[in-house]
Amino acid sequence: MDEVTLHKFDVVIVGAGGAGLMAALEASKAARVVVVSKLYPTRSHTGAAQGGIGAALGNVEHDNWEWHMFDTCKGGDYLCDQDAVEILAREAIETVYDLEHMGLPFNRTPDGKIDQRPFGGHTRDFGKAPVKRACYAADRTGHMILQTLYQQCLKNDVHFLNEYYVLDLIFTDKVCRGIVAYRLATGDLHTIEAKAVMFATGGYGRVFKITSNAHASTGDGMAIAFRQGIPLEDMEFFQFHPTGIYKMGILITEGARGEGGVLLNDRGERFMERYAPTLKDLAARDVVSRAIYTEIQEGRGIQGKDYVYLDLRHLGQSVIETKLPDIADFVRTYMGLEPSRDLIPTQPTAHYCMGGIPTDVEGRVVMDEKNTVAPGFYAAGECACVSVHGANRLGTNSLVDILVFGRRAGRHMLRYLPQAEPLPLPLQPEEAAQANIARLLKGKGKESAVGIRESLQENMMSLVGVYREETQMKQMIDKIGELRSRYADVKVQNQGKKFNTELVQAVELGYLIDTAEATVVAALARQESRGGHSRRDYPKRDDANWLKHSLVYTSSRGTELKYKPVVITRFPPKERVY
Amino acid sequence: MKITLEIQRFDPEKDAAPHMASYQVEAEPTDLVLDALHEVLWHQDGTLAFRRSCGHGVCGSDAMEINGVNRLACKVLVKSLGSKITVRPLRGLKVLRDLIVDMESFFDKYRRMKPWLITQGEEPVKERLQSPRQRAIFDDTTKCILCAACTSSCPSFWANDEYVGPAAIVAAHRFIFDSRDEATQERLELTNEKTGVWRCRTVFNCVEACPRDIDVTRAIGDIKRAILYNKT
């Protein structure tokens, strides 16, 4: 058996995107922290966020954090926990100022303040009209956040283990005690013992064929927690962003519509006026994506096909070059089009999972419907569900979420450390991870992971996409059963130790299958339409029966569903009209 | 279209030296080089190793030498290259396996530039003010994604790997010309060392290589002038 290297830290954080780095900055003020990432930190998917970070600074026009809170609750179709949303909207403001103090190069107003622009679903006066709330650095806000936080981590000597891939969590008597990781460069296993463990591992958009997500977004942390008996919350809610580049899924920021871009159907009609008379093209993402699907279905897709146009032509060259330069670059590079002259073919693209590992507002993972804390285990960012996004996330709120709750998790870990019980690790904590790797390398079958992954992605897209219905989701459940049994026999051909990409991608596929299953099981059970979960067979929201969070558990007996109530403090559910 | 993909292969567990291997790939003209590499990895040879993540030119993982020029594999369309595509790892950095190079020395040089905002005194309650004009001066160098395409295309870096290289200088530029930063003198001294800006011979390879269209040579020139005339 190969040697396993043991590392000891106070805190281990898995994932080096915004949530992980923000937590690391906080926790490293008073503890020995290591950040483990399967990529180099600056490759994390936070860097792909484009349009902005929402905060009611009121720099350009009057704004109020309570409006931000209301918009978030309404955007989430009232499934958000409003105590958490209040924290999000309040702390967004100081968080943006902190980013500026750290050096983030925001765009500026003529008087030198942080500039702000409109974004989908962000309004003034509780829904009356769009408000300029998104603070931005051109259309590379996420890139600048990731760079700035990484730079601060370098300044503060945060320790990184780059290109280490998490395979398991270690628990002793239900207390989290560390992780097991696989080093890509050598193929060795590493046990990282810690008093507190935080997952900031991102989403699982790669479960769908057309996605804006990085290849690395494979639900690793969510699936690992799931396998350890932690439930996944609200997994039926997946956001499709309205404007992905046709066929490729590459994101075109909502900021493009914030700057005045509009969607057009085959007749050249600005169809959003019919679906959302007040906010039009800036309605919440789930609303716009459904509108596009309906246009396509009723034959008004471009040339009858499954896409519509995004029109930026009237914005003029100068707005495009200064406020949307990366978008212009994508359109030129990937489509050979000129945004100031040509219409841009777009279609909804799988973008963001609202659900994830359930946590409280301190980032502590909670493992049941009574919100019992799993000691020593934290999560934040897309892999977590606080829940601030409810059934549909508003644009810019993912960046707010990762920073606000990443920081709160970092701070809480420092409070937890002195009381952490130094329970001994299990005798062979790496055993399960080792067995998983060995099984993939010595698989009984001949099939590689590739065909299984492609089938999973195609079927999830067509059977559990923007619109859902019972028969299709039942088909998907059968499909997952079939894919799971094929996966059990997968054989990785590459037997090498160093940078064995095929092996890593086979492990990732296992995680994707788990997250897909949690998604479909929760989606099939929820017999209503709410936010990012739209059922043709249950087209209405049903607060009487379904104003509750789902929790999917898995065990050797299969999956099990439980529910917990939604926290409602200020804004009772109302009909959602934009 | 049918393309022939020539890929430099090196398996440290088996090979004494790198060698070229040839693959026939069926591709759409609008496919990316990354798609072609995936086609090989997924359907022909599971031992191929390369880095990638975002797949659309913003994470900086998949910089490599494509038909002699450093590019991101996810930002080059197959049709722009013709039917024969040659892919090699970035030059001047140690090859770990196939197209994967050792990035540690690259990031060390970046870190040496102290790439973080340095200020004195108390922070204001709200934001520091900065005019759009002040912000525009360093806009270009904030775009860097640390892919190493520039540094590994630079003949001065190939000749002497003590040279911090264009990417590290771009990072220094981003702070030297940021009106909020108060360590200008220290940064100018750092870039004025013999491993710094004076090793740039204005070959412009870095400008050609940069997938973010940063005018790298101009940024280096800005710093040289600031050192000479002590003016930012």
# chains A, B, ... in the order shown; residues from 1 in each chain; ligands from 1

call {"tool": "residues_around", "arguments": {"residues": "stretch 212-220 of chain A", "least_positions_apart": "4", "cutoff": "6 Å", "atoms": "only C-alpha atoms", "output": "count of residues only"}}
result
13

call {"tool": "interface_residues", "arguments": {"of": "chain B", "to": "chain A", "cutoff": "7 Å", "atoms": "only C-alpha atoms", "output": "ChimeraX atom specification"}}
result
/B:42,46-47,49,53-56,58-61,75,115-117,123,126-127,129-132

call {"tool": "residues_around", "arguments": {"residues": "A:Gly260", "least_positions_apart": "3", "cutoff": "10 Å", "atoms": "only C-alpha atoms", "output": "list of chain:residue names"}}
result
A:Pro118, A:Glu254, A:Gly255, A:Ala256, A:Arg257, A:Asp281, A:Leu282, A:Asp311, A:Leu312, A:Arg313, A:His314, A:Leu315, A:Val319

call {"tool": "residues_around", "arguments": {"residues": "A:Glu447", "least_positions_apart": "5", "cutoff": "10 Å", "atoms": "only C-alpha atoms", "output": "VMD selection string"}}
result
chain A and resid 452 486 to 487 489 to 493

call {"tool": "closest_atom_pairs", "arguments": {"of": "stretch 333-428 of chain A", "to": "stretch 75-90 of chain A", "cutoff": "10 Å", "atoms": "only C-alpha atoms", "output": "tab-separated table"}}
result
residue	atom	partner	partner_atom	distance
A:Met354	CA	A:Gly76	CA	9.1
A:Asp360	CA	A:Ala84	CA	8.2
A:Val361	CA	A:Ala84	CA	5.9
A:Glu362	CA	A:Ala84	CA	9.6
A:Cys385	CA	A:Cys80	CA	9.7
A:Val386	CA	A:Ala84	CA	6.8
A:Ser387	CA	A:Cys80	CA	5.4
A:Val388	CA	A:Cys80	CA	5.1
A:His389	CA	A:Gly76	CA	5.3
A:Gly390	CA	A:Cys80	CA	3.8
A:Ala391	CA	A:Gly76	CA	4.6
A:Asn392	CA	A:Gly76	CA	4.3
A:Arg393	CA	A:Gly76	CA	5.8
A:Leu394	CA	A:Gly75	CA	5.9
A:Gly395	CA	A:Gly75	CA	9.4
A:Asn397	CA	A:Leu88	CA	8.5
A:Val400	CA	A:Leu88	CA	6.9
A:Asp401	CA	A:Leu88	CA	6.7
A:Ile402	CA	A:Leu88	CA	9.9
A:Leu403	CA	A:Leu88	CA	9.4
A:Val404	CA	A:Leu88	CA	6.4
A:Phe405	CA	A:Leu88	CA	8.0

call {"tool": "residues_around", "arguments": {"residues": "A:Asp139", "least_positions_apart": "6", "cutoff": "8 Å", "atoms": "only C-alpha atoms", "output": "PyMOL selection string"}}
result
chain A and resi 50-52+253+255+323-327

call {"tool": "write_last_selection", "arguments": {"atoms": "N, CA and C atoms", "output": "CSV table (one decimal), in the first residue's frame"}}
result
chain,number,residue,atom,x,y,z
A,50,GLN,N,-19.1,37.9,-14.2
A,50,GLN,CA,-18.9,39.0,-15.0
A,50,GLN,C,-19.4,40.3,-14.5
A,51,GLY,N,-20.8,40.4,-14.4
A,51,GLY,CA,-21.5,41.6,-14.4
A,51,GLY,C,-21.3,42.5,-13.2
A,52,GLY,N,-21.3,42.0,-11.9
A,52,GLY,CA,-21.2,42.8,-10.8
A,52,GLY,C,-21.6,42.2,-9.5
A,253,THR,N,-23.1,38.2,-19.8
A,253,THR,CA,-23.6,38.8,-18.5
A,253,THR,C,-24.9,39.5,-18.7
A,255,GLY,N,-25.4,42.0,-17.2
A,255,GLY,CA,-25.0,43.4,-17.3
A,255,GLY,C,-25.1,44.0,-18.8
A,323,LYS,N,-17.5,49.0,-21.0
A,323,LYS,CA,-18.3,48.4,-19.9
A,323,LYS,C,-18.5,46.9,-20.2
A,324,LEU,N,-18.4,46.4,-21.5
A,324,LEU,CA,-18.6,45.0,-21.8
A,324,LEU,C,-17.4,44.5,-22.7
A,325,PRO,N,-16.2,44.8,-22.4
A,325,PRO,CA,-15.1,44.4,-23.3
A,325,PRO,C,-14.9,42.9,-23.4
A,326,ASP,N,-15.1,42.2,-22.4
A,326,ASP,CA,-14.9,40.7,-22.5
A,326,ASP,C,-16.0,40.1,-23.3
A,327,ILE,N,-17.2,40.6,-23.1
A,327,ILE,CA,-18.4,40.1,-23.9
A,327,ILE,C,-18.1,40.3,-25.3

call {"tool": "select_by_dssp", "arguments": {"residues": "stretch 32-79 of chain B", "states": "strand (DSSP E or B)", "output": "NGL selection string"}}
result
:B and (32 or 63-66 or 69-72 or 77)

call {"tool": "residues_around", "arguments": {"residues": "A:Val166", "least_positions_apart": "3", "cutoff": "12 Å", "atoms": "only C-alpha atoms", "output": "ChimeraX atom specification"}}
result
/A:12-15,35-39,161-163,169-170,178-184,188-192,197-201,219-225,430,433,504,507-508,511

call {"tool": "residues_around", "arguments": {"residues": "B:Thr141", "least_positions_apart": "6", "cutoff": "10 Å", "atoms": "only C-alpha atoms", "output": "VMD selection string"}}
result
chain B and resid 167 169 to 175 177 212 to 216 219

call {"tool": "write_last_selection", "arguments": {"atoms": "N, CA and C atoms", "output": "PDB file, in the first residue's frame"}}
result
ATOM      1  N   ALA B 167       4.826  38.851 -17.195  1.00  0.00           N
ATOM      2  CA  ALA B 167       3.616  38.750 -16.363  1.00  0.00           C
ATOM      3  C   ALA B 167       3.835  39.400 -14.998  1.00  0.00           C
ATOM      4  N   ILE B 169       5.871  41.776 -14.344  1.00  0.00           N
ATOM      5  CA  ILE B 169       5.959  43.227 -14.533  1.00  0.00           C
ATOM      6  C   ILE B 169       4.570  43.831 -14.748  1.00  0.00           C
ATOM      7  N   VAL B 170       3.718  43.085 -15.448  1.00  0.00           N
ATOM      8  CA  VAL B 170       2.326  43.528 -15.614  1.00  0.00           C
ATOM      9  C   VAL B 170       1.672  43.693 -14.237  1.00  0.00           C
ATOM     10  N   ALA B 171       1.949  42.756 -13.330  1.00  0.00           N
ATOM     11  CA  ALA B 171       1.385  42.841 -11.977  1.00  0.00           C
ATOM     12  C   ALA B 171       1.921  44.070 -11.251  1.00  0.00           C
ATOM     13  N   ALA B 172       3.219  44.330 -11.422  1.00  0.00           N
ATOM     14  CA  ALA B 172       3.802  45.519 -10.789  1.00  0.00           C
ATOM     15  C   ALA B 172       3.161  46.788 -11.359  1.00  0.00           C
ATOM     16  N   HIS B 173       2.972  46.812 -12.662  1.00  0.00           N
ATOM     17  CA  HIS B 173       2.367  47.970 -13.331  1.00  0.00           C
ATOM     18  C   HIS B 173       0.979  48.257 -12.773  1.00  0.00           C
ATOM     19  N   ARG B 174       0.224  47.176 -12.569  1.00  0.00           N
ATOM     20  CA  ARG B 174      -1.149  47.327 -12.096  1.00  0.00           C
ATOM     21  C   ARG B 174      -1.203  48.110 -10.777  1.00  0.00           C
ATOM     22  N   PHE B 175      -0.144  47.961  -9.947  1.00  0.00           N
ATOM     23  CA  PHE B 175      -0.148  48.684  -8.663  1.00  0.00           C
ATOM     24  C   PHE B 175       0.606  50.011  -8.743  1.00  0.00           C
ATOM     25  N   PHE B 177       0.694  52.104 -11.056  1.00  0.00           N
ATOM     26  CA  PHE B 177      -0.104  53.162 -11.674  1.00  0.00           C
ATOM     27  C   PHE B 177      -1.510  53.264 -11.082  1.00  0.00           C
ATOM     28  N   ARG B 212      -5.442  38.133 -23.415  1.00  0.00           N
ATOM     29  CA  ARG B 212      -6.309  39.192 -22.895  1.00  0.00           C
ATOM     30  C   ARG B 212      -6.029  40.519 -23.588  1.00  0.00           C
ATOM     31  N   ASP B 213      -5.215  40.465 -24.623  1.00  0.00           N
ATOM     32  CA  ASP B 213      -4.890  41.671 -25.399  1.00  0.00           C
ATOM     33  C   ASP B 213      -4.311  42.796 -24.545  1.00  0.00           C
ATOM     34  N   ILE B 214      -3.518  42.429 -23.569  1.00  0.00           N
ATOM     35  CA  ILE B 214      -2.828  43.460 -22.782  1.00  0.00           C
ATOM     36  C   ILE B 214      -1.625  43.945 -23.584  1.00  0.00           C
ATOM     37  N   ASP B 215      -1.437  45.248 -23.596  1.00  0.00           N
ATOM     38  CA  ASP B 215      -0.289  45.804 -24.306  1.00  0.00           C
ATOM     39  C   ASP B 215       0.919  45.724 -23.367  1.00  0.00           C
ATOM     40  N   VAL B 216       1.474  44.507 -23.271  1.00  0.00           N
ATOM     41  CA  VAL B 216       2.478  44.219 -22.237  1.00  0.00           C
ATOM     42  C   VAL B 216       3.728  45.063 -22.416  1.00  0.00           C
ATOM     43  N   ALA B 219       3.288  48.459 -21.168  1.00  0.00           N
ATOM     44  CA  ALA B 219       3.297  48.507 -19.697  1.00  0.00           C
ATOM     45  C   ALA B 219       4.731  48.485 -19.175  1.00  0.00           C
TER      46      ALA B 219
END
